[in-house]
>>> print(open('data-v3.cif').read())   # mmCIF, C-alpha atoms and all ligand atoms; chains and numbers go by the auth columns
data_my_file
#
loop_
_atom_site.group_PDB
_atom_site.id
_atom_site.type_symbol
_atom_site.label_atom_id
_atom_site.label_comp_id
_atom_site.label_asym_id
_atom_site.label_seq_id
_atom_site.Cartn_x
_atom_site.Cartn_y
_atom_site.Cartn_z
_atom_site.B_iso_or_equiv
_atom_site.auth_seq_id
_atom_site.auth_asym_id
ATOM 1 C CA MET A 1 124.513 -8.737 95.848 0.00 1 U
ATOM 2 C CA GLU A 2 124.224 -11.131 92.922 0.00 2 U
ATOM 3 C CA ASN A 3 124.920 -14.357 94.761 0.00 3 U
ATOM 4 C CA GLU A 4 123.434 -14.811 98.177 0.00 4 U
ATOM 5 C CA THR A 5 125.932 -13.792 100.899 0.00 5 U
ATOM 6 C CA SER A 6 126.139 -15.857 104.090 0.00 6 U
ATOM 7 C CA ILE A 7 126.538 -14.142 107.435 0.00 7 U
ATOM 8 C CA ILE A 8 126.892 -15.934 110.768 0.00 8 U
ATOM 9 C CA ILE A 9 125.192 -14.242 113.701 0.00 9 U
ATOM 10 C CA ALA A 10 127.592 -14.968 116.580 0.00 10 U
ATOM 11 C CA THR A 11 124.961 -15.798 119.167 0.00 11 U
ATOM 12 C CA LYS A 12 123.165 -18.754 120.703 0.00 12 U
ATOM 13 C CA ASN A 13 120.468 -16.507 122.176 0.00 13 U
ATOM 14 C CA LYS A 14 117.302 -17.540 120.317 0.00 14 U
ATOM 15 C CA GLY A 15 115.534 -14.273 121.200 0.00 15 U
ATOM 16 C CA LYS A 16 118.277 -12.259 119.504 0.00 16 U
ATOM 17 C CA VAL A 17 118.368 -14.602 116.501 0.00 17 U
ATOM 18 C CA LYS A 18 114.599 -14.218 115.963 0.00 18 U
ATOM 19 C CA GLU A 19 114.756 -10.425 116.124 0.00 19 U
ATOM 20 C CA ILE A 20 117.777 -10.141 113.842 0.00 20 U
ATOM 21 C CA TRP A 21 116.291 -12.606 111.360 0.00 21 U
ATOM 22 C CA HIS A 22 112.955 -10.746 111.381 0.00 22 U
ATOM 23 C CA PHE A 23 114.730 -7.449 110.710 0.00 23 U
ATOM 24 C CA LEU A 24 117.040 -8.691 107.958 0.00 24 U
ATOM 25 C CA LYS A 25 114.764 -11.244 106.291 0.00 25 U
ATOM 26 C CA ASP A 26 114.175 -9.116 103.174 0.00 26 U
ATOM 27 C CA LEU A 27 117.880 -8.637 102.409 0.00 27 U
ATOM 28 C CA ASN A 28 119.451 -11.186 100.094 0.00 28 U
ATOM 29 C CA ILE A 29 121.509 -12.744 102.913 0.00 29 U
ATOM 30 C CA ASN A 30 121.635 -16.317 104.156 0.00 30 U
ATOM 31 C CA LEU A 31 121.697 -15.910 107.942 0.00 31 U
ATOM 32 C CA LEU A 32 123.171 -18.620 110.156 0.00 32 U
ATOM 33 C CA SER A 33 123.542 -18.575 113.925 0.00 33 U
ATOM 34 C CA LEU A 34 125.685 -20.519 116.385 0.00 34 U
ATOM 35 C CA ASN A 35 122.702 -22.833 116.884 0.00 35 U
ATOM 36 C CA ASP A 36 123.480 -24.176 113.376 0.00 36 U
ATOM 37 C CA PHE A 37 126.883 -25.498 114.497 0.00 37 U
ATOM 38 C CA GLU A 38 127.757 -28.276 116.935 0.00 38 U
ATOM 39 C CA ASN A 39 130.526 -28.647 119.524 0.00 39 U
ATOM 40 C CA LEU A 40 131.472 -24.989 119.665 0.00 40 U
ATOM 41 C CA SER A 41 133.440 -24.026 122.739 0.00 41 U
ATOM 42 C CA GLU A 42 132.019 -21.201 124.796 0.00 42 U
ATOM 43 C CA ILE A 43 133.373 -17.717 124.110 0.00 43 U
ATOM 44 C CA ILE A 44 134.268 -16.084 127.418 0.00 44 U
ATOM 45 C CA GLU A 45 132.847 -12.560 127.466 0.00 45 U
ATOM 46 C CA ASP A 46 135.493 -10.886 129.617 0.00 46 U
ATOM 47 C CA GLY A 47 135.577 -7.487 127.903 0.00 47 U
ATOM 48 C CA LYS A 48 135.050 -4.354 129.985 0.00 48 U
ATOM 49 C CA ASN A 49 132.351 -3.024 127.672 0.00 49 U
ATOM 50 C CA PHE A 50 129.845 -4.068 124.986 0.00 50 U
ATOM 51 C CA LYS A 51 132.238 -3.074 122.212 0.00 51 U
ATOM 52 C CA GLU A 52 135.075 -5.327 123.411 0.00 52 U
ATOM 53 C CA ASN A 53 132.746 -8.298 123.861 0.00 53 U
ATOM 54 C CA SER A 54 131.054 -7.920 120.485 0.00 54 U
ATOM 55 C CA ILE A 55 134.399 -7.635 118.690 0.00 55 U
ATOM 56 C CA LYS A 56 135.713 -10.697 120.519 0.00 56 U
ATOM 57 C CA LYS A 57 132.651 -12.793 119.567 0.00 57 U
ATOM 58 C CA ALA A 58 132.650 -11.623 115.930 0.00 58 U
ATOM 59 C CA LYS A 59 136.403 -12.111 115.397 0.00 59 U
ATOM 60 C CA ILE A 60 136.567 -15.610 116.897 0.00 60 U
ATOM 61 C CA ILE A 61 133.598 -16.875 114.895 0.00 61 U
ATOM 62 C CA ALA A 62 134.667 -15.183 111.637 0.00 62 U
ATOM 63 C CA GLU A 63 138.167 -16.658 111.919 0.00 63 U
ATOM 64 C CA THR A 64 136.904 -20.113 112.924 0.00 64 U
ATOM 65 C CA PHE A 65 134.454 -20.455 110.018 0.00 65 U
ATOM 66 C CA GLN A 66 136.106 -18.039 107.541 0.00 66 U
ATOM 67 C CA LYS A 67 132.793 -16.269 107.056 0.00 67 U
ATOM 68 C CA LEU A 68 131.408 -12.789 107.556 0.00 68 U
ATOM 69 C CA THR A 69 130.129 -12.571 111.128 0.00 69 U
ATOM 70 C CA LEU A 70 127.703 -10.241 112.855 0.00 70 U
ATOM 71 C CA ALA A 71 127.886 -10.022 116.661 0.00 71 U
ATOM 72 C CA ASP A 72 125.589 -8.223 119.064 0.00 72 U
ATOM 73 C CA ASP A 73 126.638 -7.586 122.629 0.00 73 U
ATOM 74 C CA SER A 74 123.853 -6.037 124.592 0.00 74 U
ATOM 75 C CA GLY A 75 122.459 -5.482 128.045 0.00 75 U
ATOM 76 C CA LEU A 76 120.503 -3.326 130.426 0.00 76 U
ATOM 77 C CA GLU A 77 121.941 -0.372 132.378 0.00 77 U
ATOM 78 C CA VAL A 78 119.946 0.675 135.452 0.00 78 U
ATOM 79 C CA ASP A 79 120.811 4.122 136.827 0.00 79 U
ATOM 80 C CA PHE A 80 119.977 3.345 140.483 0.00 80 U
ATOM 81 C CA LEU A 81 122.316 0.304 140.240 0.00 81 U
ATOM 82 C CA ASN A 82 125.175 2.453 138.877 0.00 82 U
ATOM 83 C CA GLY A 83 124.741 1.072 135.363 0.00 83 U
ATOM 84 C CA ASN A 84 124.486 -2.583 136.383 0.00 84 U
ATOM 85 C CA PRO A 85 123.843 -5.266 135.216 0.00 85 U
ATOM 86 C CA GLY A 86 125.445 -3.820 132.041 0.00 86 U
ATOM 87 C CA VAL A 87 127.875 -6.292 130.462 0.00 87 U
ATOM 88 C CA TYR A 88 126.852 -8.801 133.150 0.00 88 U
ATOM 89 C CA SER A 89 123.179 -8.777 132.039 0.00 89 U
ATOM 90 C CA SER A 90 123.035 -12.423 130.935 0.00 90 U
ATOM 91 C CA ARG A 91 124.710 -13.723 134.123 0.00 91 U
ATOM 92 C CA TYR A 92 123.547 -11.131 136.660 0.00 92 U
ATOM 93 C CA SER A 93 122.284 -13.708 139.160 0.00 93 U
ATOM 94 C CA GLY A 94 125.336 -15.977 138.892 0.00 94 U
ATOM 95 C CA GLU A 95 126.759 -18.939 136.975 0.00 95 U
ATOM 96 C CA ASN A 96 123.481 -20.752 136.373 0.00 96 U
ATOM 97 C CA ALA A 97 121.456 -17.617 135.801 0.00 97 U
ATOM 98 C CA THR A 98 118.200 -17.770 133.867 0.00 98 U
ATOM 99 C CA ASP A 99 116.304 -14.802 132.424 0.00 99 U
ATOM 100 C CA LYS A 100 113.836 -15.233 135.313 0.00 100 U
ATOM 101 C CA SER A 101 116.478 -15.325 138.078 0.00 101 U
ATOM 102 C CA ASN A 102 118.142 -12.249 136.547 0.00 102 U
ATOM 103 C CA ARG A 103 114.838 -10.351 136.497 0.00 103 U
ATOM 104 C CA ASP A 104 114.115 -11.383 140.110 0.00 104 U
ATOM 105 C CA LYS A 105 117.510 -10.079 141.241 0.00 105 U
ATOM 106 C CA LEU A 106 116.982 -6.806 139.392 0.00 106 U
ATOM 107 C CA LEU A 107 113.502 -6.255 140.837 0.00 107 U
ATOM 108 C CA SER A 108 114.802 -7.006 144.367 0.00 108 U
ATOM 109 C CA GLY A 109 117.627 -4.499 143.898 0.00 109 U
ATOM 110 C CA LEU A 110 115.057 -1.795 143.092 0.00 110 U
ATOM 111 C CA ALA A 111 112.495 -2.785 145.753 0.00 111 U
ATOM 112 C CA GLU A 112 113.047 0.393 147.795 0.00 112 U
ATOM 113 C CA ILE A 113 112.423 2.665 144.774 0.00 113 U
ATOM 114 C CA LYS A 114 108.674 3.214 144.744 0.00 114 U
ATOM 115 C CA ASP A 115 108.589 6.073 142.205 0.00 115 U
ATOM 116 C CA LEU A 116 108.719 4.851 138.593 0.00 116 U
ATOM 117 C CA ASN A 117 110.483 8.079 137.567 0.00 117 U
ATOM 118 C CA GLU A 118 113.478 7.024 139.656 0.00 118 U
ATOM 119 C CA ARG A 119 113.673 3.591 138.029 0.00 119 U
ATOM 120 C CA THR A 120 115.330 4.847 134.822 0.00 120 U
ATOM 121 C CA ALA A 121 117.251 2.398 132.638 0.00 121 U
ATOM 122 C CA ARG A 122 118.367 1.799 129.085 0.00 122 U
ATOM 123 C CA PHE A 123 119.035 -1.130 126.811 0.00 123 U
ATOM 124 C CA VAL A 124 122.329 -0.877 124.942 0.00 124 U
ATOM 125 C CA CYS A 125 123.477 -2.837 121.885 0.00 125 U
ATOM 126 C CA HIS A 126 126.859 -2.792 120.199 0.00 126 U
ATOM 127 C CA LEU A 127 126.707 -4.444 116.776 0.00 127 U
ATOM 128 C CA VAL A 128 129.771 -5.442 114.788 0.00 128 U
ATOM 129 C CA LEU A 129 130.378 -6.977 111.347 0.00 129 U
ATOM 130 C CA TRP A 130 133.729 -8.753 111.050 0.00 130 U
ATOM 131 C CA ASP A 131 135.306 -10.151 107.905 0.00 131 U
ATOM 132 C CA PRO A 132 137.859 -12.969 108.331 0.00 132 U
ATOM 133 C CA GLN A 133 140.268 -11.321 105.852 0.00 133 U
ATOM 134 C CA ARG A 134 139.524 -7.619 106.204 0.00 134 U
ATOM 135 C CA GLY A 135 138.722 -7.395 109.928 0.00 135 U
ATOM 136 C CA LEU A 136 136.205 -4.870 111.227 0.00 136 U
ATOM 137 C CA LEU A 137 133.863 -3.734 108.431 0.00 137 U
ATOM 138 C CA PHE A 138 131.136 -2.040 110.452 0.00 138 U
ATOM 139 C CA GLU A 139 130.178 -1.172 114.019 0.00 139 U
ATOM 140 C CA THR A 140 127.424 0.832 115.622 0.00 140 U
ATOM 141 C CA ASP A 141 125.582 1.380 118.917 0.00 141 U
ATOM 142 C CA GLY A 142 121.864 1.391 119.590 0.00 142 U
ATOM 143 C CA PHE A 143 120.119 2.635 122.752 0.00 143 U
ATOM 144 C CA CYS A 144 116.584 2.423 124.101 0.00 144 U
ATOM 145 C CA GLU A 145 115.668 4.543 127.141 0.00 145 U
ATOM 146 C CA GLY A 146 112.926 3.619 129.604 0.00 146 U
ATOM 147 C CA TRP A 147 112.020 2.533 133.129 0.00 147 U
ATOM 148 C CA ILE A 148 112.030 -0.711 135.124 0.00 148 U
ATOM 149 C CA GLY A 149 108.446 -1.627 136.086 0.00 149 U
ATOM 150 C CA PHE A 150 107.392 -3.160 139.394 0.00 150 U
ATOM 151 C CA GLU A 151 106.422 -6.623 138.125 0.00 151 U
ATOM 152 C CA GLU A 152 106.617 -8.822 135.059 0.00 152 U
ATOM 153 C CA THR A 153 104.036 -7.999 132.378 0.00 153 U
ATOM 154 C CA GLY A 154 103.698 -9.446 128.868 0.00 154 U
ATOM 155 C CA SER A 155 105.000 -12.552 127.149 0.00 155 U
ATOM 156 C CA GLY A 156 106.809 -11.372 124.001 0.00 156 U
ATOM 157 C CA GLY A 157 110.523 -10.785 123.536 0.00 157 U
ATOM 158 C CA PHE A 158 113.053 -12.282 125.955 0.00 158 U
ATOM 159 C CA GLY A 159 115.415 -11.434 128.809 0.00 159 U
ATOM 160 C CA TYR A 160 114.401 -8.272 130.674 0.00 160 U
ATOM 161 C CA ASP A 161 111.649 -7.235 128.205 0.00 161 U
ATOM 162 C CA CYS A 162 108.733 -8.005 130.522 0.00 162 U
ATOM 163 C CA ILE A 163 110.019 -5.571 133.195 0.00 163 U
ATOM 164 C CA PHE A 164 111.216 -2.774 130.857 0.00 164 U
ATOM 165 C CA ILE A 165 108.839 0.057 129.920 0.00 165 U
ATOM 166 C CA PRO A 166 110.245 1.908 126.892 0.00 166 U
ATOM 167 C CA LYS A 167 109.983 5.705 126.770 0.00 167 U
ATOM 168 C CA GLY A 168 106.787 6.785 124.998 0.00 168 U
ATOM 169 C CA PHE A 169 104.816 3.685 126.020 0.00 169 U
ATOM 170 C CA ASN A 170 102.777 2.673 129.031 0.00 170 U
ATOM 171 C CA LYS A 171 103.404 -1.005 128.491 0.00 171 U
ATOM 172 C CA THR A 172 106.454 -3.230 128.629 0.00 172 U
ATOM 173 C CA MET A 173 108.706 -4.225 125.758 0.00 173 U
ATOM 174 C CA ALA A 174 107.231 -7.742 126.118 0.00 174 U
ATOM 175 C CA GLN A 175 103.798 -6.354 125.178 0.00 175 U
ATOM 176 C CA LEU A 176 105.007 -5.006 121.825 0.00 176 U
ATOM 177 C CA SER A 177 104.842 -6.929 118.537 0.00 177 U
ATOM 178 C CA LYS A 178 108.148 -7.958 116.895 0.00 178 U
ATOM 179 C CA ASP A 179 107.850 -5.055 114.438 0.00 179 U
ATOM 180 C CA GLU A 180 107.057 -2.536 117.195 0.00 180 U
ATOM 181 C CA LYS A 181 110.018 -3.713 119.267 0.00 181 U
ATOM 182 C CA ASN A 182 112.390 -3.606 116.281 0.00 182 U
ATOM 183 C CA GLU A 183 111.199 -0.060 115.515 0.00 183 U
ATOM 184 C CA ILE A 184 112.266 1.349 118.898 0.00 184 U
ATOM 185 C CA SER A 185 114.710 -1.095 120.449 0.00 185 U
ATOM 186 C CA HIS A 186 118.470 -0.758 120.926 0.00 186 U
ATOM 187 C CA ARG A 187 118.999 -3.739 118.597 0.00 187 U
ATOM 188 C CA GLY A 188 116.476 -2.468 116.031 0.00 188 U
ATOM 189 C CA LYS A 189 118.257 0.903 115.871 0.00 189 U
ATOM 190 C CA ALA A 190 121.641 -0.774 115.421 0.00 190 U
ATOM 191 C CA LEU A 191 120.184 -3.085 112.744 0.00 191 U
ATOM 192 C CA LYS A 192 118.732 -0.102 110.892 0.00 192 U
ATOM 193 C CA ASP A 193 122.263 1.373 110.665 0.00 193 U
ATOM 194 C CA PHE A 194 123.503 -2.036 109.548 0.00 194 U
ATOM 195 C CA THR A 195 120.988 -2.345 106.682 0.00 195 U
ATOM 196 C CA GLY A 196 121.934 1.206 105.602 0.00 196 U
ATOM 197 C CA PHE A 197 125.588 0.121 105.523 0.00 197 U
ATOM 198 C CA ILE A 198 124.782 -3.051 103.530 0.00 198 U
ATOM 199 C CA ASN A 199 122.708 -1.136 101.001 0.00 199 U
ATOM 200 C CA LYS A 200 125.449 1.490 100.481 0.00 200 U
ATOM 201 C CA ASN A 201 128.304 -1.016 100.309 0.00 201 U
ATOM 202 C CA LYS A 202 126.942 -3.871 98.204 0.00 202 U
ATOM 203 C CA PHE A 203 130.272 -3.986 96.346 0.00 203 U
ATOM 204 C CA LEU A 204 131.925 -5.301 99.517 0.00 204 U
ATOM 205 C CA PHE A 205 129.911 -8.521 99.535 0.00 205 U
HETATM 206 P P1 LIG B . 125.261 -14.343 123.102 0.00 301 W
HETATM 207 O O1 LIG B . 126.466 -13.861 123.869 0.00 301 W
HETATM 208 O O2 LIG B . 125.372 -15.773 122.646 0.00 301 W
HETATM 209 O O3 LIG B . 124.863 -13.394 122.016 0.00 301 W
HETATM 210 P P2 LIG B . 123.793 -13.636 125.480 0.00 301 W
HETATM 211 O O4 LIG B . 122.368 -13.789 125.905 0.00 301 W
HETATM 212 O O5 LIG B . 124.845 -14.068 126.476 0.00 301 W
HETATM 213 O O6 LIG B . 123.984 -14.390 124.093 0.00 301 W
HETATM 214 P P3 LIG B . 124.793 -10.970 125.731 0.00 301 W
HETATM 215 O O7 LIG B . 126.070 -11.407 126.312 0.00 301 W
HETATM 216 O O8 LIG B . 124.788 -9.867 124.721 0.00 301 W
HETATM 217 O O9 LIG B . 124.030 -12.175 125.027 0.00 301 W
HETATM 218 O O10 LIG B . 123.819 -10.609 126.929 0.00 301 W
HETATM 219 C C1 LIG B . 122.687 -9.931 126.669 0.00 301 W
HETATM 220 C C2 LIG B . 121.725 -10.092 127.830 0.00 301 W
HETATM 221 O O11 LIG B . 121.082 -8.808 127.993 0.00 301 W
HETATM 222 C C3 LIG B . 120.625 -11.072 127.434 0.00 301 W
HETATM 223 O O12 LIG B . 120.877 -12.359 127.922 0.00 301 W
HETATM 224 C C4 LIG B . 119.398 -10.433 128.045 0.00 301 W
HETATM 225 O O13 LIG B . 119.294 -10.823 129.382 0.00 301 W
HETATM 226 C C5 LIG B . 119.696 -8.940 128.007 0.00 301 W
HETATM 227 N N1 LIG B . 119.136 -8.350 126.780 0.00 301 W
HETATM 228 C C6 LIG B . 119.809 -7.923 125.674 0.00 301 W
HETATM 229 N N2 LIG B . 118.962 -7.480 124.737 0.00 301 W
HETATM 230 C C7 LIG B . 117.736 -7.632 125.251 0.00 301 W
HETATM 231 C C8 LIG B . 116.450 -7.378 124.752 0.00 301 W
HETATM 232 O O14 LIG B . 116.247 -6.911 123.525 0.00 301 W
HETATM 233 N N3 LIG B . 115.419 -7.645 125.546 0.00 301 W
HETATM 234 C C9 LIG B . 115.585 -8.128 126.784 0.00 301 W
HETATM 235 N N4 LIG B . 116.758 -8.436 127.330 0.00 301 W
HETATM 236 C C10 LIG B . 117.838 -8.176 126.566 0.00 301 W
#
>>> encode(input="data-v3.cif", output="structure tokens")
Amino acid sequence: MENETSIIIATKNKGKVKEIWHFLKDLNINLLSLNDFENLSEIIEDGKNFKENSIKKAKIIAETFQKLTLADDSGLEVDFLNGNPGVYSSRYSGENATDKSNRDKLLSGLAEIKDLNERTARFVCHLVLWDPQRGLLFETDGFCEGWIGFEETGSGGFGYDCIFIPKGFNKTMAQLSKDEKNEISHRGKALKDFTGFINKNKFLF
């Protein structure tokens, strides 16, 4: 890319923005997020899966600002809860949900499961790049398998990180450094595919 390309990350979630920025900071891309714009109306995430929601977010923002847009729709699927909270991860405990109230609801829902091996879960991320003229340019999924712990541990990351123990570790996602999390996380895996796509398709930008 000779001139710096601008991409809007279609999210207000500061945790996501930090991780995406940290991952992509060495590419020659000017990254903006929805926190750089004022008076944006809320995008209703009413899709039935991560793919539909990420495409909806990317398309609306790309068409509004006429810029390339990257959208991440992600969440946590807990096997004992039949895959919930899933696409409802950010509002699991209701309208005014906070990360803390969502984690509390999740831990309560698993209270009867005393064996960590039965508390299996995975983070899922669907990542999409949308061009206002050309439509969908790229999409991929990333997954991270693990278990839901019994209490909150660690202060890094965001959302459900402090109760999620990734496979291969005996600590929570919130106890990993940014680089360690990006190496194994659902979003990190999707972003790795994305950087591969950018590097192979520089002519598109
Ligand atoms: P945007 O729609 O503005 O991107 P959001 O937080 O609503 O922000 P999602 O709809 O994709 O984003 O919901 C994702 C929720 O899933 C998020 O709020 C967290 O609770 C959880 N989540 C996703 N990725 C996570 C991660 O890496 N670590 C911890 N929790 C995560």
>>> atom_distance(input="data-v3.cif", atom1="CA of Ser89 (chain U)", atom2="CA of Asn170 (chain U)")
23.6 Å
>>> closest_residue(input="data-v3.cif", among="U:Asn201, U:Ser74, U:Thr64, U:Asn28", to="Phe138 (chain U)", atoms="all atoms listed in the file")
U:Asn201
>>> closest_residue(input="data-v3.cif", among="U:Thr195, U:Leu70, U:Ser41, U:Asn53", to="Lys25 (chain U)", atoms="only C-alpha atoms")
U:Thr195
>>> residues_near_point(input="data-v3.cif", point="(124.3, -21.6, 119.5)", cutoff="8 Å", atoms="all atoms listed in the file", output="VMD selection string")
chain U and resid 10 to 13 33 to 38 40
>>> residues_around(input="data-v3.cif", residues="Val78 (chain U)", least_positions_apart="5", cutoff="7 Å", atoms="only C-alpha atoms", output="ChimeraX atom specification")
/U:83-84,120-122
>>> resolve_selection(input="data-v3.cif", expression="the PyMOL selection byres (((chain U and resi 47) around 12) and not hetatm)", output="PyMOL selection string")
chain U and resi 43-46+48-57+73+86-88
>>> closest_residue(input="data-v3.cif", among="U:Phe150, U:Tyr92, U:Trp130, U:Phe158", to="Lys16 (chain U)", atoms="all atoms listed in the file")
U:Phe158
>>> closest_residue(input="data-v3.cif", among="U:Trp21, U:Phe123, U:Phe80, U:Phe65", to="ligand LIG 301 (chain W)", atoms="all atoms listed in the file")
U:Phe123
>>> resolve_selection(input="data-v3.cif", expression="the PyMOL selection byres (((chain U and resi 178) around 12) and not hetatm)", output="compact mmCIF listing (two decimals) with C-alpha atoms, in the frame of the given file")
# COMPACT_ATOMS: atom_id res chain seq x y z
CA GLY U 15 115.53 -14.27 121.20
CA LYS U 16 118.28 -12.26 119.50
CA LYS U 18 114.60 -14.22 115.96
CA GLU U 19 114.76 -10.42 116.12
CA ILE U 20 117.78 -10.14 113.84
CA TRP U 21 116.29 -12.61 111.36
CA HIS U 22 112.96 -10.75 111.38
CA PHE U 23 114.73 -7.45 110.71
CA SER U 155 105.00 -12.55 127.15
CA GLY U 156 106.81 -11.37 124.00
CA GLY U 157 110.52 -10.78 123.54
CA PHE U 158 113.05 -12.28 125.96
CA ASP U 161 111.65 -7.24 128.21
CA MET U 173 108.71 -4.22 125.76
CA ALA U 174 107.23 -7.74 126.12
CA GLN U 175 103.80 -6.35 125.18
CA LEU U 176 105.01 -5.01 121.82
CA SER U 177 104.84 -6.93 118.54
CA ASP U 179 107.85 -5.06 114.44
CA GLU U 180 107.06 -2.54 117.20
CA LYS U 181 110.02 -3.71 119.27
CA ASN U 182 112.39 -3.61 116.28
CA GLU U 183 111.20 -0.06 115.52
CA ILE U 184 112.27 1.35 118.90
CA SER U 185 114.71 -1.10 120.45
CA ARG U 187 119.00 -3.74 118.60
CA GLY U 188 116.48 -2.47 116.03
>>> residues_around(input="data-v3.cif", residues="Asn199 (chain U)", least_positions_apart="4", cutoff="12 Å", atoms="all atoms listed in the file", output="JSON, numbers by chain")
{"U": [1, 24, 26, 27, 28, 29, 192, 193, 194, 195, 203, 204, 205]}
>>> atom_distance(input="data-v3.cif", atom1="atom C7 of ligand LIG 301 (chain W)", atom2="CA of Cys125 (chain U)")
8.2 Å
>>> atom_distance(input="data-v3.cif", atom1="atom O13 of ligand LIG 301 (chain W)", atom2="CA of Lys114 (chain U)")
23.4 Å
>>> closest_residue(input="data-v3.cif", among="U:Asn102, U:Thr140, U:Asn82, U:Thr153", to="ligand LIG 301 (chain W)", atoms="all atoms listed in the file")
U:Asn102
>>> resolve_selection(input="data-v3.cif", expression="the PyMOL selection byres (((chain U and resi 69) around 7) and not hetatm)", output="PDB file with C-alpha atoms, in the coordinates of the input")
ATOM      1  CA  ILE U   7     126.538 -14.142 107.435  1.00  0.00           C
ATOM      2  CA  ILE U   8     126.892 -15.934 110.768  1.00  0.00           C
ATOM      3  CA  ILE U   9     125.192 -14.242 113.701  1.00  0.00           C
ATOM      4  CA  ALA U  10     127.592 -14.968 116.580  1.00  0.00           C
ATOM      5  CA  ALA U  58     132.650 -11.623 115.930  1.00  0.00           C
ATOM      6  CA  ILE U  61     133.598 -16.875 114.895  1.00  0.00           C
ATOM      7  CA  ALA U  62     134.667 -15.183 111.637  1.00  0.00           C
ATOM      8  CA  LYS U  67     132.793 -16.269 107.056  1.00  0.00           C
ATOM      9  CA  LEU U  68     131.408 -12.789 107.556  1.00  0.00           C
ATOM     10  CA  LEU U  70     127.703 -10.241 112.855  1.00  0.00           C
ATOM     11  CA  ALA U  71     127.886 -10.022 116.661  1.00  0.00           C
ATOM     12  CA  LEU U 129     130.378  -6.977 111.347  1.00  0.00           C
ATOM     13  CA  TRP U 130     133.729  -8.753 111.050  1.00  0.00           C
ATOM     14  CA  ASP U 131     135.306 -10.151 107.905  1.00  0.00           C
TER      15      ASP U 131
END
>>> closest_residue(input="data-v3.cif", among="U:Arg91, U:Lys59, U:Arg119, U:Lys202", to="Gln133 (chain U)", atoms="all atoms listed in the file")
U:Lys59
>>> residues_near_point(input="data-v3.cif", point="(119.8, -0.9, 145.1)", cutoff="6 Å", atoms="all atoms listed in the file", output="list in words")
Leu81, Gly109 and Leu110 of chain U
>>> axis_aligned_box(input="data-v3.cif", around="region 22-41 of chain U", padding_each_side="4 Å", output="AutoDock Vina command-line options")
--center_x 123.2 --center_y -18.0 --center_z 111.4 --size_x 28.5 --size_y 29.2 --size_z 30.6
